[in-house]
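Peer 1: Structure below; questions to follow.
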Amino acid sequence: MDHAPNSQEEAASEFIIKSSSKQDAEAVIAASSSYRVLSVKHNIYTVKGLDYATIKAIAPSVSAQQNLYIEPQSNRLSDNPYSKFVADSEANQPPVNLQPPQQQNIPPALLGCDLQSEQRPLVKLSVINGVLSQSPTMNLGETVVFSSAGSLGGQSRASIDPTGLMGPIDGGNLSPSTIEEVRWEVITPSGSKISKDIRKGLELEVTPDMVGLYTIAVVVQDADKACDVQLGRFMVTHNPEIELAKEGDAKPMAKLEAFTHLARIQAQQAWELATGQGVTIAVLDTGLHYNHLGIKFNLAVKNSERFGQADSDDDGNGFPDDILGWDFINNDNKPFDDEGHGSHVSGLAASHIHGVAKDAKILPVKVMAASGGGDVASVIAGVYYAVDNGAQVINASLGGFQSDIPAFQAALQYAHDNNVVFISASGNSRLDLSLPGNDIYPGELDVPNLVNVAAVGVDQNLASYSNFGLAEVDVAAPGGDRGEPLYSLATLNPENVPFIGQGGTSMAAPVVAGVAALMIDANPSITPVQIRRILMSSGTQYAELDSVVGSGRVLSALEAVQNVQRVNIQSNQTLSF
């Protein structure tokens with residue numbers, strides 16, 4: 001079986017297939033060059049080496065559509081100073097934006113370069129020890145050695161692109177007589193203790209100290225101060241053993257003053273009425289730091305697998321030993337968060353310390369990689385997995401693709417048919433989603449159980465980054481801003497920092513997901529359609545939101561729970577207060 005795609009090019013080589021017939025699906029798989037299992041129960045796979053016509057010729061009843069890559073909701077490389085100096089992902093391209101620059105804006109390794117020179121030396125980024133030769137992902141604790149040239153000093157080395165992001169790397173052998181200096185810069189995930197100092201020399205050895213996305217920049221400078229820069233990116237992951245909470249373990253607590261989102265939505269008052277007890281929230285994201293003391297008491301543990309036979313699919317769902325969710329990126333039963341986004345999101349929804357639904361359970365479903373990106377097929381698989389494994393709420397702080405994919409629509413309809421509400425982040429591009437060409441999915445899919453969420457800042461106005469649209473975005477909730485981020489769980493880091501601040505519609509969505517869990521706790525018979533209606537009618541109205549968000553309100557958890565308790569839920573799904 002193949003790995004999940006790491007780029008749009010990789011995703012485009014796959015077709016998502018779904019069939020009501022196991023035999024037909026297996027026939028297509030047999031003809032493919034490689035495949036991924038997304039759901040055995042629902043006969044969903046991705047296949048490579050086949051085009052649409054060939055798939056339909058093999059099995060006409062099989063639905064097939066090209067996979068898509070989902071970029072991170074926000075720019076994970078915003079702290080990468082080279083992002084504005086590199087023209088594109090092709091090798092040996094000159095830096096861009098090279099008008100006479102402000103000195104303080106130049107990436108450190110480019111200081112001293114003649115950035116106007118059209119005559120540049122050539123640099124090739126090579127990996128010596130082959131750690132990344134098969135995949136752009138390495139495990140925490142491994143060491144990788146980079147070289148600045150594919151051929152230097154008469155010794156030839158195979159030159160590869162560690163991530164497939166830079167295209168083919170051909171030619172460009174360095175001549176020691178023309179190169180004055182080789183400089184290296186390592187751009188690390190936030191929290192890493194790796195030195196930010198510029199290193200010099202022909203090779204660079206790196207031992208990552210935390211999970212996440214790393215960028216290696218190598219700059220060669222000749223005697224005329226002309227420079228060339230080459231980038232390589234790789235992801236670092238980790239799969240620690242799951243350390244489940246035991247009966248009698250003390251729950252750590254923290255002062256709630258730092259978690260300002262709770263007061264802003266009146267969550268603590270709502271806890272007097274409901275806490276999310278008995279509700280499971282599936283978080284489709286980069287995974288979860290499941291051993292974090294702030295979440296390990298809120299895990300949706302599956303005892304049939306926990307106490308079953310090792311390496312066995314005890315519950316028959318097609319995912320062996322899935323004690324705690326599933327990792328669709330690496331196809332294993334340890335959905336650990338190697339980026340940080342998923343842990344932050346999960347804690348906002350349901351942590352006994354600061355989660356909106358402090359007694360709800362989290363089902364982590366890893367559908368995004370350490371880069372923060374992922375593919376549509378994995379997310380579709382995650383929806384089916386979440387529904388089939390007991391989730392009543394799904395949070396998806398992801399998206400950005402602009403195609404209405406029928407297989408995604410079908411997955412959300414399956415969630416609706418099984419009484420599961422789907423909470424989506426609207427996106428962080430400050431787009432008016434009502435304008436032609438500004439479609440952002442999955443938040444704009446036309447299904448009745450979907451709630452699309454915008455973010456507001458401290459002033460209760462639409463956050464500077466949030467997407468909006470009167471018919472496209474349903475509710476608004478605190479998402480954080482520079483002055484007041486939302487604090488939640490950090491993933492594994494060298495300092496063991498437990499909480500970090502972030503902002504985005506990615507943060508607003510799990511706040512809403514937590515409120516939905518409180519509503520279900522308060523009235524278990526409520527349906528997704530009714531949850532959406534009550535969410536849109538609960539909270540404080542703001543004139544500034546009336547024309548940009550469907551509800552025109554900033555959500556109140558207290559009011560939503562009170563409305564649920566007052567509502568008369570009738571068989572025809574009308575609501576009366």
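By convention here, the chains of the structure tokens are called A, B, ... in the order presented, each chain's residues are numbered starting at 1, and ligands are numbered starting at 1 in the order presented.
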With a distance cut-off of 8 Å and only C-alpha atoms, select the neighbouring residues of Arg199 (chain A), excluding the residue or stretch itself and same-chain residues fewer than 5 positions from it, and output the selection as an MDAnalysis selection string.
Peer 2: chainID A and resid 183:185 204
Peer 1: Which region 330-417 of chain A residues have any atom within 7 Å of an atom of region 266-279 of chain A, and for each, what is the nearest pair of atoms with distance in Å to one decimal, counting only C-alpha atoms, rows sorted by chain and number, as JSON lines?
Peer 2:
{"residue": "A:Val356", "atom": "CA", "partner": "A:Ala267", "partner_atom": "CA", "distance": 6.2}
{"residue": "A:Ala357", "atom": "CA", "partner": "A:Gly276", "partner_atom": "CA", "distance": 4.8}
{"residue": "A:Lys358", "atom": "CA", "partner": "A:Thr275", "partner_atom": "CA", "distance": 5.7}
{"residue": "A:Asp359", "atom": "CA", "partner": "A:Gln277", "partner_atom": "CA", "distance": 4.9}
{"residue": "A:Ala360", "atom": "CA", "partner": "A:Gly276", "partner_atom": "CA", "distance": 4.5}
{"residue": "A:Lys361", "atom": "CA", "partner": "A:Val279", "partner_atom": "CA", "distance": 6.2}
{"residue": "A:Gln392", "atom": "CA", "partner": "A:Val279", "partner_atom": "CA", "distance": 6.5}
Peer 1: Measuring between only C-alpha atoms, which one of A:Lys196, A:His289, A:Arg306, A:Lys48 shows the shortest distance to Val365 (chain A)?
Peer 2: A:His289
Peer 1: Just checking: using only C-alpha atoms, which residue out of A:Ala250, A:Leu348, A:Leu38, A:Ala27 ends up closest to Val383 (chain A)?
Peer 2: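 For Val383 (chain A), the nearest of the given residues is A:Leu38.
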Peer 1: Between A:Val447, A:Leu470, A:Ile106, A:Tyr82, single out the one closest to Leu231 (chain A), counting only C-alpha atoms.
Peer 2: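 Answer, going by the shortest atom-to-atom distance: A:Tyr82.
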